[in-house]
>>> print(open('entry-v1.cif').read())   # mmCIF, C-alpha atoms
data_input
#
loop_
_atom_site.label_atom_id
_atom_site.label_comp_id
_atom_site.auth_asym_id
_atom_site.auth_seq_id
_atom_site.Cartn_x
_atom_site.Cartn_y
_atom_site.Cartn_z
CA MET A 1 -10.41 -4.77 -30.29
CA VAL A 2 -12.52 -6.54 -32.93
CA LEU A 3 -12.63 -10.33 -32.88
CA VAL A 4 -14.01 -12.23 -35.88
CA LEU A 5 -14.93 -15.82 -35.19
CA PRO A 6 -15.86 -17.91 -38.24
CA LEU A 7 -16.46 -20.95 -36.00
CA PHE A 8 -19.67 -22.77 -36.91
CA THR A 9 -21.39 -25.31 -34.69
CA GLN A 10 -24.00 -27.48 -36.36
CA LEU A 11 -26.83 -28.26 -33.93
CA PRO A 12 -28.68 -31.59 -34.25
CA ASP A 13 -31.99 -30.06 -35.36
CA ALA A 14 -30.48 -27.59 -37.80
CA HIS A 15 -30.74 -27.80 -41.55
CA ALA A 16 -27.54 -29.40 -42.89
CA GLN A 17 -25.03 -27.12 -44.60
CA GLN A 18 -21.35 -27.23 -45.50
CA ALA A 19 -20.18 -23.92 -43.98
CA ALA A 20 -21.35 -21.04 -41.83
CA HIS A 21 -23.23 -18.38 -43.76
CA LEU A 22 -22.92 -15.73 -41.07
CA THR A 23 -19.78 -13.87 -40.09
CA VAL A 24 -19.79 -12.55 -36.54
CA ALA A 25 -17.53 -9.81 -35.13
CA PHE A 26 -17.35 -8.57 -31.55
CA THR A 27 -16.18 -5.50 -29.66
CA GLY A 28 -16.25 -4.86 -25.92
CA GLN A 29 -15.51 -8.40 -24.74
CA SER A 30 -13.17 -7.06 -22.03
CA LEU A 31 -15.61 -6.27 -19.23
CA ILE A 32 -14.97 -4.30 -16.04
CA ALA A 33 -16.38 -5.92 -12.92
CA GLY A 34 -18.88 -3.91 -10.89
CA LEU A 35 -19.90 -1.70 -13.83
CA ASN A 36 -22.30 -1.76 -16.76
CA ASN A 37 -20.32 -2.44 -19.94
CA THR A 38 -21.28 -2.01 -23.59
CA MET A 39 -20.83 -4.88 -26.02
CA THR A 40 -21.37 -4.85 -29.77
CA VAL A 41 -22.04 -7.86 -32.00
CA THR A 42 -22.04 -7.39 -35.78
CA VAL A 43 -23.58 -10.17 -37.86
CA THR A 44 -23.01 -10.22 -41.63
CA ASN A 45 -24.80 -12.38 -44.21
CA ASN A 46 -22.04 -13.93 -46.31
CA TYR A 47 -24.21 -16.66 -47.75
CA THR A 48 -22.25 -18.62 -50.33
CA GLY A 49 -25.20 -18.62 -52.68
CA TYR A 50 -25.32 -14.79 -52.72
CA ILE A 51 -28.90 -14.83 -51.48
CA ALA A 52 -30.86 -13.19 -48.70
CA ILE A 53 -31.92 -14.99 -45.55
CA TYR A 54 -35.34 -14.55 -43.94
CA ASP A 55 -37.13 -14.66 -40.58
CA VAL A 56 -33.78 -14.19 -38.86
CA ASP A 57 -33.45 -14.61 -35.08
CA ILE A 58 -30.14 -13.75 -33.43
CA GLU A 59 -29.59 -14.76 -29.82
CA VAL A 60 -26.65 -13.69 -27.66
CA SER A 61 -26.15 -15.83 -24.57
CA LEU A 62 -23.70 -15.24 -21.71
CA PRO A 63 -23.15 -17.56 -18.73
CA ASP A 64 -23.79 -16.64 -15.11
CA PRO A 65 -22.84 -14.42 -13.36
CA LEU A 66 -22.79 -12.15 -16.46
CA SER A 67 -26.11 -10.65 -17.47
CA ILE A 68 -27.38 -8.87 -20.57
CA ILE A 69 -29.53 -5.93 -19.46
CA GLY A 70 -32.86 -4.99 -20.95
CA THR A 71 -32.93 -6.83 -24.29
CA GLY A 72 -33.38 -10.46 -23.28
CA GLY A 73 -30.58 -11.33 -25.69
CA HIS A 74 -32.86 -11.78 -28.74
CA TRP A 75 -33.10 -9.74 -31.95
CA HIS A 76 -35.37 -10.49 -34.92
CA TYR A 77 -35.09 -9.36 -38.55
CA ASP A 78 -37.50 -10.07 -41.37
CA SER A 79 -34.57 -10.48 -43.73
CA ILE A 80 -30.86 -9.77 -44.12
CA GLN A 81 -29.66 -9.31 -47.69
CA TYR A 82 -26.45 -10.83 -48.97
CA GLY A 83 -23.50 -8.68 -47.80
CA GLN A 84 -25.69 -6.78 -45.34
CA SER A 85 -24.71 -6.46 -41.66
CA VAL A 86 -26.79 -5.90 -38.55
CA THR A 87 -25.24 -4.45 -35.41
CA LEU A 88 -26.43 -5.33 -31.91
CA THR A 89 -25.31 -3.02 -29.09
CA PHE A 90 -26.33 -3.90 -25.55
CA PRO A 91 -25.27 -3.39 -21.91
CA VAL A 92 -23.69 -6.23 -19.95
CA TYR A 93 -23.23 -6.27 -16.20
CA ALA A 94 -20.38 -8.21 -14.57
CA PRO A 95 -20.41 -8.42 -10.74
CA SER A 96 -17.24 -7.84 -8.71
CA SER A 97 -17.06 -11.58 -8.04
CA ALA A 98 -16.44 -12.17 -11.76
CA ALA A 99 -13.14 -10.22 -11.81
CA GLY A 100 -10.18 -12.23 -13.04
CA ASN A 101 -12.24 -14.81 -14.96
CA VAL A 102 -12.87 -15.67 -18.62
CA TYR A 103 -16.33 -16.82 -19.79
CA GLU A 104 -17.60 -18.47 -22.98
CA GLY A 105 -20.83 -17.23 -24.50
CA THR A 106 -22.55 -17.87 -27.83
CA VAL A 107 -24.14 -16.00 -30.71
CA THR A 108 -26.74 -18.16 -32.43
CA GLY A 109 -28.37 -17.28 -35.76
CA THR A 110 -31.55 -19.05 -36.88
CA TYR A 111 -32.99 -18.28 -40.33
CA LYS A 112 -34.66 -19.59 -43.46
CA GLU A 113 -33.56 -19.57 -47.06
CA LEU A 114 -36.11 -18.48 -49.64
CA GLY A 115 -38.57 -21.34 -50.25
CA ASP A 116 -37.37 -23.43 -47.29
CA VAL A 117 -39.76 -24.78 -44.69
CA SER A 118 -37.12 -25.73 -42.13
CA TYR A 119 -34.73 -23.36 -40.39
CA THR A 120 -30.96 -23.30 -40.52
CA GLN A 121 -29.13 -22.62 -37.28
CA GLU A 122 -25.50 -21.80 -36.65
CA THR A 123 -23.67 -20.91 -33.45
CA HIS A 124 -20.53 -18.82 -32.94
CA LEU A 125 -18.51 -18.74 -29.73
CA LEU A 126 -18.03 -15.51 -27.79
CA SER A 127 -15.13 -15.27 -25.31
CA VAL A 128 -15.47 -12.63 -22.57
CA SER A 129 -12.86 -11.61 -19.97
CA VAL A 130 -13.59 -9.68 -16.76
CA THR A 131 -11.19 -7.46 -14.81
CA GLY A 132 -11.61 -5.25 -11.77
CA TYR A 133 -11.21 -1.46 -11.71
CA ILE A 134 -9.44 1.19 -9.67
CA ASN A 135 -10.78 4.62 -8.74
CA LEU A 136 -8.54 6.81 -6.58
CA VAL A 137 -10.01 9.64 -4.49
CA VAL A 138 -7.92 12.21 -2.59
CA TYR A 139 -9.80 13.72 0.33
CA GLY A 140 -9.44 15.30 3.78
CA ILE A 141 -6.67 17.71 2.72
CA SER A 142 -5.22 19.60 5.70
CA LEU A 143 -2.56 22.38 5.63
CA THR A 144 -0.53 23.03 8.78
CA PRO A 145 -0.26 25.95 9.32
CA SER A 146 -3.08 27.39 7.20
CA GLU A 147 -1.05 30.50 6.34
CA ILE A 148 2.66 30.74 5.75
CA SER A 149 5.27 33.46 5.34
CA GLN A 150 7.45 33.81 2.24
CA GLY A 151 10.15 31.13 2.30
CA GLY A 152 8.41 29.21 5.09
CA ASN A 153 7.26 25.59 5.09
CA LEU A 154 4.07 23.71 5.89
CA THR A 155 2.81 20.14 6.02
CA VAL A 156 0.18 18.86 3.56
CA SER A 157 -1.68 15.82 4.87
CA GLY A 158 -4.75 13.88 3.78
CA ASN A 159 -6.04 10.48 2.67
CA VAL A 160 -6.24 8.42 -0.52
CA LEU A 161 -9.15 6.01 -0.99
CA ASN A 162 -9.45 3.39 -3.71
CA ASN A 163 -13.21 2.94 -4.05
CA GLY A 164 -12.86 0.45 -6.90
CA ASN A 165 -12.63 -3.34 -6.51
CA LEU A 166 -9.02 -3.94 -7.51
CA ALA A 167 -5.81 -3.05 -5.65
CA SER A 168 -3.50 -0.45 -7.18
CA TYR A 169 0.28 -0.51 -6.89
CA GLU A 170 3.28 1.84 -6.83
CA ALA A 171 1.17 4.80 -5.72
CA ASN A 172 2.85 8.20 -5.31
CA VAL A 173 1.38 11.39 -3.81
CA THR A 174 2.74 14.64 -5.27
CA VAL A 175 2.10 18.23 -4.16
CA GLU A 176 2.34 20.94 -6.84
CA SER A 177 2.09 24.74 -6.80
CA ASN A 178 3.94 27.61 -8.45
CA ALA A 179 4.47 29.00 -4.95
CA ILE A 180 6.63 26.15 -3.67
CA VAL A 181 10.23 25.14 -4.25
CA PRO A 182 10.14 22.33 -6.87
CA GLY A 183 11.88 19.03 -6.38
CA PRO A 184 11.50 15.35 -5.46
CA GLN A 185 10.91 16.32 -1.83
CA ASN A 186 7.34 17.23 -2.80
CA SER A 187 6.40 13.57 -3.42
CA VAL A 188 5.90 10.61 -1.11
CA PHE A 189 5.63 6.91 -2.04
CA ILE A 190 2.71 5.06 -0.43
CA GLY A 191 2.82 1.81 -2.45
CA GLU A 192 -0.21 -0.49 -2.61
CA ILE A 193 -3.73 0.87 -2.11
CA ASP A 194 -6.28 -1.86 -1.41
CA PRO A 195 -9.99 -1.26 -2.12
CA ASN A 196 -11.93 0.69 0.51
CA ILE A 197 -9.00 1.10 2.93
CA PRO A 198 -7.93 4.78 3.38
CA ARG A 199 -4.21 5.44 3.08
CA PRO A 200 -2.99 8.55 4.96
CA PHE A 201 -0.10 10.66 3.67
CA SER A 202 1.94 13.68 4.75
CA VAL A 203 4.28 15.88 2.68
CA LEU A 204 6.44 18.79 3.90
CA ILE A 205 6.69 21.59 1.31
CA VAL A 206 8.81 24.77 1.27
CA PHE A 207 7.60 28.06 -0.20
CA GLN A 208 9.72 30.21 -2.46
CA PRO A 209 11.13 33.27 -0.64
CA ASN A 210 10.23 35.74 -3.42
CA MET A 211 6.55 34.88 -3.89
CA PRO A 212 4.26 37.92 -3.55
CA PRO A 213 1.80 37.69 -0.65
CA GLY A 214 -1.61 36.29 -1.62
CA ASN A 215 -3.69 33.12 -1.91
CA TYR A 216 -2.22 30.17 -3.80
CA THR A 217 -3.65 26.84 -4.93
CA ILE A 218 -2.02 23.64 -3.73
CA THR A 219 -2.72 20.62 -5.98
CA VAL A 220 -2.39 17.13 -4.50
CA SER A 221 -2.35 14.28 -7.01
CA VAL A 222 -1.94 10.54 -6.55
CA SER A 223 -0.85 8.23 -9.37
CA ALA A 224 -0.81 4.44 -9.30
CA ILE A 225 -0.59 1.44 -11.61
CA ASP A 226 -3.29 -1.03 -12.59
CA GLU A 227 -1.44 -4.29 -13.24
CA ASN A 228 -4.11 -5.27 -15.80
CA ARG A 229 -3.44 -2.06 -17.76
CA PRO A 230 0.25 -1.28 -17.12
CA THR A 231 0.56 1.25 -19.93
CA GLY A 232 -1.49 3.96 -18.21
CA ALA A 233 -1.43 5.47 -14.73
CA ILE A 234 -4.52 5.93 -12.58
CA VAL A 235 -4.74 9.46 -11.20
CA GLY A 236 -6.76 11.15 -8.44
CA VAL A 237 -6.57 14.90 -7.71
CA ALA A 238 -7.63 17.35 -4.99
CA THR A 239 -6.84 21.03 -4.35
CA ALA A 240 -6.55 23.36 -1.36
CA GLN A 241 -5.86 27.08 -0.79
CA VAL A 242 -3.03 28.55 1.28
CA GLN A 243 -2.36 32.19 2.18
CA VAL A 244 1.20 33.46 1.83
CA ILE A 245 1.92 36.49 4.02
CA LYS A 246 4.82 38.95 3.91
CA ARG A 247 7.87 37.80 5.77
CA SER A 248 8.48 39.79 8.96
CA PRO A 249 11.78 41.73 9.09
CA THR A 250 14.47 40.34 11.36
CA VAL A 251 14.15 41.91 14.81
CA VAL A 252 17.22 42.29 16.96
CA GLY A 253 16.75 41.07 20.52
CA ARG A 254 15.68 43.82 22.92
CA GLY A 255 18.55 43.41 25.34
CA GLN A 256 21.09 43.38 22.53
CA GLY A 257 19.50 46.40 20.85
CA PHE A 258 19.47 48.44 24.08
CA SER A 259 23.17 47.77 24.80
CA VAL A 260 24.28 48.83 21.30
CA ILE A 261 22.23 52.04 21.35
CA GLY A 262 23.34 52.70 24.91
CA LEU A 263 26.98 52.36 23.93
CA ILE A 264 26.54 54.83 21.07
CA LEU A 265 24.77 57.34 23.27
CA ALA A 266 27.35 56.93 25.98
CA PHE A 267 30.14 57.53 23.50
CA LEU A 268 28.50 60.67 22.13
CA ARG A 269 27.80 61.91 25.64
CA SER A 270 31.45 61.31 26.54
CA LEU A 271 32.61 63.37 23.56
CA PHE A 272 30.20 66.19 24.46
CA ASN A 273 31.36 66.27 28.03
CA THR A 274 35.02 66.27 26.98
CA PHE A 275 34.65 69.34 24.77
CA PHE A 276 31.81 71.24 26.42
CA GLY A 277 31.67 69.97 29.95
CA SER A 278 28.96 68.06 31.75
CA SER A 279 25.40 69.23 31.06
CA THR A 280 24.22 68.04 34.48
CA GLY A 281 26.45 70.31 36.47
#
>>> encode(input="entry-v1.cif", output="structure tokens")
Amino acid sequence: MVLVLPLFTQLPDAHAQQAAHLTVAFTGQSLIAGLNNTMTVTVTNNYTGYIAIYDVDIEVSLPDPLSIIGTGGHWHYDSIQYGQSVTLTFPVYAPSSAAGNVYEGTVTGTYKELGDVSYTQETHLLSVSVTGYINLVVYGISLTPSEISQGGNLTVSGNVLNNGNLASYEANVTVESNAIVPGPQNSVFIGEIDPNIPRPFSVLIVFQPNMPPGNYTITVSVSAIDENRPTGAIVGVATAQVQVIKRSPTVVGRGQGFSVIGLILAFLRSLFNTFFGSSTG
């Protein structure tokens, strides 16, 4: 987002003038707490007299607890021609404590017109907002059992950690693999995830009965909502490997198998004895 602020503040010791001669535009005023952010200030000389300005000092000032890193907030130019722009890009750090607040800074330009002894100074306001951030990490994935037969089921468990500084909401954990039976049963709702508090989860998945034996990748993803940015989901992903083995054939119980075979043999023996007599004498 680019914000152009034509606001001019005449300071007591500045050379009198009727209107601001500098146009100031900003990008990057939405800062993320706990991170280094990049801001850009573009200053354009729109002097009404169509002339250059000289010995130009531009100062960007932000209130505590925000801090401009490395530059000191000052830039100097020997001159800026009419219609010319200068672009200032600099890192800004906002601590976690600043999340949820709006701050007012300033961009001050001090310069001379050709032939002037005194300086002209004008100040433009810079509004900065700070929000927290969410970073979801899926870890500690465990598969129980570690190998499964075709058509069998296993439990996928693990943890989700939000190592940002802002709570996420409406979090869902979903397990995906081309080896499992698809459906809503492969997801679990875990709701709110507060910063730095692990949230455990467990999902029961069922494998397709016709999958060839082999190793398959299980993907576990968690998606959640940042209420400050509701249009996009926050996602964390982890993977694990599972071995699918061939399903064992159905085995008839030993006692039941013996009685059936015994009955067949007894029947055949009875027929033999009826027609040929007993073989045991």
>>> closest_residue(input="entry-v1.cif", among="A:His124, A:Lys112, A:Arg199, A:Arg247", to="Thr23 (chain A)", atoms="all atoms listed in the file")
A:His124
>>> closest_atom_pairs(input="entry-v1.cif", of="region 55-84 of chain A", to="region 42-51 of chain A", cutoff="10 Å", atoms="all atoms listed in the file", output="CSV")
residue,atom,partner,partner_atom,distance
A:Ile58,CA,A:Val43,CA,8.7
A:Ser79,CA,A:Asn45,CA,10.0
A:Ile80,CA,A:Asn45,CA,6.6
A:Gln81,CA,A:Asn45,CA,6.7
A:Tyr82,CA,A:Asn45,CA,5.3
A:Gly83,CA,A:Asn45,CA,5.3
A:Gln84,CA,A:Thr44,CA,5.7
>>> resolve_selection(input="entry-v1.cif", expression="the PyMOL selection byres ((chain A and resi 97) around 10)", output="count of residues only")
14
>>> residues_around(input="entry-v1.cif", residues="Phe189 (chain A)", least_positions_apart="2", cutoff="12 Å", atoms="all atoms listed in the file", output="ChimeraX atom specification")
/A:169-174,184-187,191-193,199-203,221-224
>>> closest_residue(input="entry-v1.cif", among="A:Asn162, A:Asn210, A:Thr217, A:Ser149", to="Ile245 (chain A)", atoms="all atoms listed in the file")
A:Ser149
>>> build_atoms(input="entry-v1.cif", residues="region 34-45 of chain A", atoms="N, CA and C atoms", output="PDB file, keeping the file's coordinate frame")
ATOM      1  N   GLY A  34     -18.217  -4.909 -11.719  1.00  0.00           N
ATOM      2  CA  GLY A  34     -18.880  -3.910 -10.890  1.00  0.00           C
ATOM      3  C   GLY A  34     -19.496  -2.775 -11.667  1.00  0.00           C
ATOM      4  N   LEU A  35     -19.370  -2.782 -12.989  1.00  0.00           N
ATOM      5  CA  LEU A  35     -19.900  -1.700 -13.830  1.00  0.00           C
ATOM      6  C   LEU A  35     -20.754  -2.270 -14.950  1.00  0.00           C
ATOM      7  N   ASN A  36     -21.599  -1.408 -15.526  1.00  0.00           N
ATOM      8  CA  ASN A  36     -22.300  -1.760 -16.760  1.00  0.00           C
ATOM      9  C   ASN A  36     -21.352  -1.521 -17.933  1.00  0.00           C
ATOM     10  N   ASN A  37     -21.197  -2.520 -18.781  1.00  0.00           N
ATOM     11  CA  ASN A  37     -20.320  -2.440 -19.940  1.00  0.00           C
ATOM     12  C   ASN A  37     -21.147  -2.472 -21.211  1.00  0.00           C
ATOM     13  N   THR A  38     -20.589  -1.987 -22.303  1.00  0.00           N
ATOM     14  CA  THR A  38     -21.280  -2.010 -23.590  1.00  0.00           C
ATOM     15  C   THR A  38     -20.575  -2.984 -24.517  1.00  0.00           C
ATOM     16  N   MET A  39     -21.342  -3.942 -25.035  1.00  0.00           N
ATOM     17  CA  MET A  39     -20.830  -4.880 -26.020  1.00  0.00           C
ATOM     18  C   MET A  39     -21.520  -4.659 -27.349  1.00  0.00           C
ATOM     19  N   THR A  40     -20.809  -4.971 -28.428  1.00  0.00           N
ATOM     20  CA  THR A  40     -21.370  -4.850 -29.770  1.00  0.00           C
ATOM     21  C   THR A  40     -21.100  -6.132 -30.536  1.00  0.00           C
ATOM     22  N   VAL A  41     -22.144  -6.673 -31.148  1.00  0.00           N
ATOM     23  CA  VAL A  41     -22.040  -7.860 -32.000  1.00  0.00           C
ATOM     24  C   VAL A  41     -22.509  -7.457 -33.398  1.00  0.00           C
ATOM     25  N   THR A  42     -21.677  -7.685 -34.390  1.00  0.00           N
ATOM     26  CA  THR A  42     -22.040  -7.390 -35.780  1.00  0.00           C
ATOM     27  C   THR A  42     -22.151  -8.704 -36.542  1.00  0.00           C
ATOM     28  N   VAL A  43     -23.311  -8.942 -37.126  1.00  0.00           N
ATOM     29  CA  VAL A  43     -23.580 -10.170 -37.860  1.00  0.00           C
ATOM     30  C   VAL A  43     -23.744  -9.825 -39.336  1.00  0.00           C
ATOM     31  N   THR A  44     -22.986 -10.494 -40.194  1.00  0.00           N
ATOM     32  CA  THR A  44     -23.010 -10.220 -41.630  1.00  0.00           C
ATOM     33  C   THR A  44     -23.452 -11.475 -42.388  1.00  0.00           C
ATOM     34  N   ASN A  45     -24.354 -11.286 -43.353  1.00  0.00           N
ATOM     35  CA  ASN A  45     -24.800 -12.380 -44.210  1.00  0.00           C
ATOM     36  C   ASN A  45     -23.799 -12.551 -45.354  1.00  0.00           C
TER      37      ASN A  45
END
